[in-house]
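Please read the structure below before turning to the comments.
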Amino acid sequence: MKKPIQILIIAVLLTLFAPLTCASEAQDDKLKRAVSLMQNAQWKLAYSEFSEIDVAEQAAGVSEGVYGKLLYSMGLCQMELAKIGEAELRVGFYTNALKDFERCRNFTGPADDQNRYITRSLLRMAMCYQAMDRFDDAYTAYGAFLVERKQVVDVYDHGSLLLNLVTCSLRRTTPVDAEILRYLRQAVEGRERFKIAPEPLYGAILDVYAYTASRVSPEQERDLLGWLAECADDLAEGSDIGLESLSQTVQKLLNDGALKNAQSLLETLPWLSAGSSEKSDLSSSNERNAVLLARSIEQYVHTQPVRQRGYLLNQLLEHFPESTRVSEWLYQSIVVSFELDQIDQARAAVSLYQSKFPDGKHRETVELLELSSLFDAGQYLEALELAGANALGAVAQREDRLYVMTGSTCFLGEYERSLKLAAEYLSLSPNGKHVMSVRYFRAVSYARLGYTTQARSILSNITVAELHGYAQYELAVLDFESASYLEAQERLVHVRELELVPQLRVHVDLLSARTAAILRNREAAEVSYKAALELARSSDMLELEQEVMFHLIAFYGREQVAGDPNPDMGKCLPYYDEFFQKFSDSVYAAQVAAAAMPALKNAGELDRGIKRLEQVLQVSCCQLKEAGLRNAANTLIWARIDAGMKPSELKSEFRAHDPSTFALVQWFALAEVYVAGLDQAHLSWGRKLRYDAILRSMYAELSLRSKGVKLPGYIHSALGSWFLVDENFPQLAREHFAVAQHSSLLSQRELAKLGEAKALRLSEELADLEQAKVLLTGLLKRSGGNVMLLEEAMYESIEILSKLKLWDILTDRSKEYLIEKKFDYQRSRVWYLLAKSYDLREMKEDAMANYSRVFAGYTRVLPVSAPSVDRLSVLTWQRNRPETGEEKADRQVAYQLAHRYLSMVKDYPEWEKKRDGVREPLAAIRTNVEAWEASGEVVSVEQMLKEMRQGKR
């Protein structure tokens, strides 16, 4: 019942508001400016100007009556600010207005220039009290105004004042019905004289009827209903205000159980009542009265906005539970609740419908409506559960259920399950109504799992208008992730020309910005970032707003741009502050805190950045939010080092903490500082050994302290890799990689699978090797645009094929690795295995050619060059193909090759030559050299040198 009150207050404000015109009289520039600002509705600025004048007046000693005008004007500004301000600020504005009007009332002015605004301030105070629902104070103030007013000076709108008196007297702590009806009668009878608008008067009568109908006399009730009928004729046809007032009154009467009064009220409008024959029976049949009321309300329901329809339908269900129309009302109520996104309420109504009307004509409709509404609202878990529970229901519904299940699993990140459901849908309904959407979900699932070829194939064939933009965007994402930035940019230009829904438009603008930034077009990137942020904000897409802000902060916060200092670094700080004011618990919080650290350091606010990042990191660790966690922890450690802390001091600090996720995440980040030191210490063996020893001790301590502590996947993967150093503890490594495969990040899960395959490779059990092969086969199919993952996975698969002795497959995969992909990771080892695959299949010429390549290109890599030279020299010796002379014979070549290799590695560190896999072939080469020299079939190197010195060669 608030709406009529607010309308009346606004009406009175508009009627009584008259801007000050004293500026020209006072001839004060500042006052003129303030009045001009008021006339232009710039209330805040006007109030500021008036306040400055007020301060100056008080300092000078107030002596003129114009000061009353000043105070009155300040109060008016505060009232207007209250009208246009946010709800939570209005009380404050009205309170300030009351203070200004009170000051005005207390200022009389000199005898010859008295304050003429004393009484008018009282009226304004009454209006402020009413706006703040302080009806007792408002009623008292209105009454005082009527007593104090001067008819010539204090002009006011008497009609609006009467309506406000009705409202305030009605809502006083102890209302007096006779008094209320007296003011209302004056307003009704004087509506033409006082020019009272019909809508507020109609609302006031309804208001009084709603609150007094149960206690006034029949004569007074007839008066009220008669006044309503008179005013209804004055309302504009279809008046929203009149309908809303009537609706609210009916609601209150129904809530109070005053059904008879509600019926009487509805009968005041002819278009809402039943036919004349039914009306004639009402006096003799209470049942017919109820039927009439239900019919009237049901008719009225269809004239209302959706929210009002829902309320009235619920009233019908509550008050007329035995009606034959209950199933229809319940169905309509379900539809309304879903329209309003009141999902929980709607689902409860669906359950009620299913239990009360198991064979109802709307049963299938409401079930599918429930399912689609959950899906459209993004409640994918609930939609998936509901669809799964009824997956074997009617065939007519199965297609819709499979569609929802496919989409829900895709959006929930259950991509493998989504692919299975998509296949089931396409098998059941190859030409179904959702077939293109299901294909799109299938393509997205393929893309997220790394099956980029399959994803591209499907997305390229999606041309229907409603999905074309989405498909092209996903193709652009694939281009971006495969570092094909020019192709991504070209595709995004096309997508941006399409008509897109706001959510997709934000995604497209964001990807365009990121692409432009990588291509060093920072101006275009900045424009796209800001467009994405503005649209996300205007559309209330909070999750996307957080994502865009993170990327924009990272864009501005870079320390260098194209090798030069970034001049725009400081631009990220306002966004940084705003982000943490609005989204302190965001999933992007850690990433934002880390991205802004260079800018904070540059602005001399490093300590503030460290404090914020530490807080955010602690929350992320408690909730195990893995996205950006590793980078944030590393950034924090380096920032603390920049702030003057030594790594050894940090180490002691972390060691003093009890083991926790937060403490161990920082410990690992500190370990990565030593990794960086180890990488930079390659020229200093002493420093390298020291860092290596520190690093090993830190990993060992991390392993011991991590028992029973939940750690992010990347730390488990790192521990798994550490246990594989020197191939010492593959079983422990497998345990850590198994835990890492439960990471929330898909990329981390894939790396963990790669790590597990590495650990399995060290086993001699056939089952373990086969399991590793299966893992790697899946990784190779899914690696897609992740070149580093593909390279490592392909190398590991080559090693597994070697252990399984699948030489044919190994040959093909090694050629793909070396020639087609041109990968560098363990390239020497792959060349060796390729040569070995030929060797073991008796393809000696191919083997010798590839062993020669290893010898020529990777002599320094003893684990591959030593066995290669061993086999190459033996194969050459065994071939024994003489050519033009004695020194050209294969055996001489084999001998000289082996001897030369031993000379080349003679000065290599002894520890390298004594490693497993090096020591044995080196010994074999020495044995062969000695045996060949002793055989007399070759000329020894010493003999050749002697002959050269004697001039015989």
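Labeling convention for the structure tokens: chains A, B, ... as they appear, residues from 1 per chain, ligands from 1 in order of appearance.
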Margin query: Show me, as a VMD selection string, the residues that have an atom within 9 Å of stretch 341-353 of chain A when counting only C-alpha atoms, minus same-chain residues fewer than 4 positions from it.
Written below: chain A and resid 327 330 to 331 333 to 337 357 to 358 360 362 to 363 366 to 367 370 373 to 374 377
Shell around A:Ser783 at 6 Å using only C-alpha atoms, local window under 4 positions removed, as a PDB file with N, CA and C atoms, in the first residue's frame:
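The result, stored in selection.pdb:
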```
ATOM      1  N   GLY A 450      40.573 -30.690 -26.246  1.00  0.00           N
ATOM      2  CA  GLY A 450      41.764 -30.659 -27.078  1.00  0.00           C
ATOM      3  C   GLY A 450      41.615 -31.331 -28.428  1.00  0.00           C
ATOM      4  N   LEU A 779      46.161 -38.294 -24.740  1.00  0.00           N
ATOM      5  CA  LEU A 779      46.773 -36.961 -24.726  1.00  0.00           C
ATOM      6  C   LEU A 779      47.114 -36.482 -26.131  1.00  0.00           C
ATOM      7  N   LEU A 790      51.772 -31.491 -26.550  1.00  0.00           N
ATOM      8  CA  LEU A 790      51.864 -32.432 -27.668  1.00  0.00           C
ATOM      9  C   LEU A 790      53.291 -32.941 -27.825  1.00  0.00           C
TER      10      LEU A 790
END
```
Check: Using only C-alpha atoms, which of A:Gly159, A:Gly310, A:Pro598, A:Gly557 sits nearest A:Tyr575?
Finding: A:Gly557
Next item on the list: Within 10 Å of A:Glu487, counting only C-alpha atoms, which residues show up once you throw out same-chain ones fewer than 6 positions away? Write them as a ChimeraX atom specification, please.
Entry: /A:475-476,478-480,515
Those same residues - N, CA, C and O atoms - I'd like them written as a PDB file, in the first residue's frame.
```
ATOM      1  N   LEU A 475      35.556 -20.888 -33.022  1.00  0.00           N
ATOM      2  CA  LEU A 475      36.658 -21.070 -33.978  1.00  0.00           C
ATOM      3  C   LEU A 475      37.751 -20.027 -33.734  1.00  0.00           C
ATOM      4  O   LEU A 475      38.948 -20.338 -33.825  1.00  0.00           O
ATOM      5  N   ALA A 476      37.338 -18.818 -33.417  1.00  0.00           N
ATOM      6  CA  ALA A 476      38.326 -17.774 -33.113  1.00  0.00           C
ATOM      7  C   ALA A 476      39.110 -18.121 -31.849  1.00  0.00           C
ATOM      8  O   ALA A 476      40.314 -17.875 -31.759  1.00  0.00           O
ATOM      9  N   LEU A 478      39.797 -21.147 -30.845  1.00  0.00           N
ATOM     10  CA  LEU A 478      40.758 -22.179 -31.255  1.00  0.00           C
ATOM     11  C   LEU A 478      41.945 -21.556 -31.981  1.00  0.00           C
ATOM     12  O   LEU A 478      43.095 -21.961 -31.774  1.00  0.00           O
ATOM     13  N   ASP A 479      41.685 -20.576 -32.834  1.00  0.00           N
ATOM     14  CA  ASP A 479      42.782 -19.869 -33.509  1.00  0.00           C
ATOM     15  C   ASP A 479      43.687 -19.190 -32.478  1.00  0.00           C
ATOM     16  O   ASP A 479      44.920 -19.255 -32.574  1.00  0.00           O
ATOM     17  N   PHE A 480      43.073 -18.550 -31.518  1.00  0.00           N
ATOM     18  CA  PHE A 480      43.833 -17.831 -30.493  1.00  0.00           C
ATOM     19  C   PHE A 480      44.690 -18.787 -29.683  1.00  0.00           C
ATOM     20  O   PHE A 480      45.878 -18.530 -29.438  1.00  0.00           O
ATOM     21  N   THR A 515      43.535 -10.395 -28.452  1.00  0.00           N
ATOM     22  CA  THR A 515      44.243 -10.643 -29.714  1.00  0.00           C
ATOM     23  C   THR A 515      44.988  -9.400 -30.161  1.00  0.00           C
ATOM     24  O   THR A 515      46.162  -9.460 -30.560  1.00  0.00           O
TER      25      THR A 515
END
```
Check: What does the distance from atom CA of A:Asp658 to atom CA of A:Leu670 come to in Å, to one decimal?
Finding: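 Computed distance, atom CA of A:Asp658 to atom CA of A:Leu670, equals 16.6 Å.
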Check: Could you pull the residues within 8 Å of A:Val166, counting only C-alpha atoms, minus those fewer than 5 positions along the same chain, as a VMD selection string?
Finding: chain A and resid 180 to 181 183 to 184 204
Margin query: Can you pull out the residues contacting A:Asp540? Cut-off 12 Å, using only C-alpha atoms, and skip same-chain residues under 6 positions away; I want them as a VMD selection string.
Written below: chain A and resid 502 to 503 506 533 to 534 546
Next item on the list: Write out as a VMD selection string each polymer residue whose atoms come within 10 Å of stretch 439-443 of chain A, counting only C-alpha atoms; drop sequence neighbours fewer than 3 positions from it.
Entry: chain A and resid 403 406 to 411 415 to 416 418 to 423 425 to 426 434 to 436 446 to 449 451 to 462 467 to 468 470 to 471 474 to 475
Next item on the list: With a distance cut-off of 12 Å and only C-alpha atoms, select the neighbouring residues of A:Ala41, excluding the residue or stretch itself and same-chain residues fewer than 6 positions from it, and output the selection as an NGL selection string.
Entry: :A and (17 or 19 or 34-35 or 47 or 76-81 or 83-84)
Next item on the list: In Å, rounded to a single decimal, give me how far atom CA of A:Leu695 is from atom CA of A:Ser652.
Entry: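 One can read the atom CA of A:Ser652 to atom CA of A:Leu695 distance as 14.7 Å.
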Checklist line | Option closest in space to A:Gln892, from A:Gln741, A:Gln220, A:Ser214, A:Thr876 [counting only C-alpha atoms] | finding: A:Thr876
Check: Just how far from atom CA of A:Tyr380 is atom CA of A:Val501, in Å to one decimal?
Finding: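 If I compute the distance from atom CA of A:Val501 to atom CA of A:Tyr380, I get 20.2 Å.
The nearest approach to A:Thr635 among the residues A:Ala923, A:Ala934, A:Ala669, A:Leu650, with only C-alpha atoms taken into account, belongs to A:Ala669.
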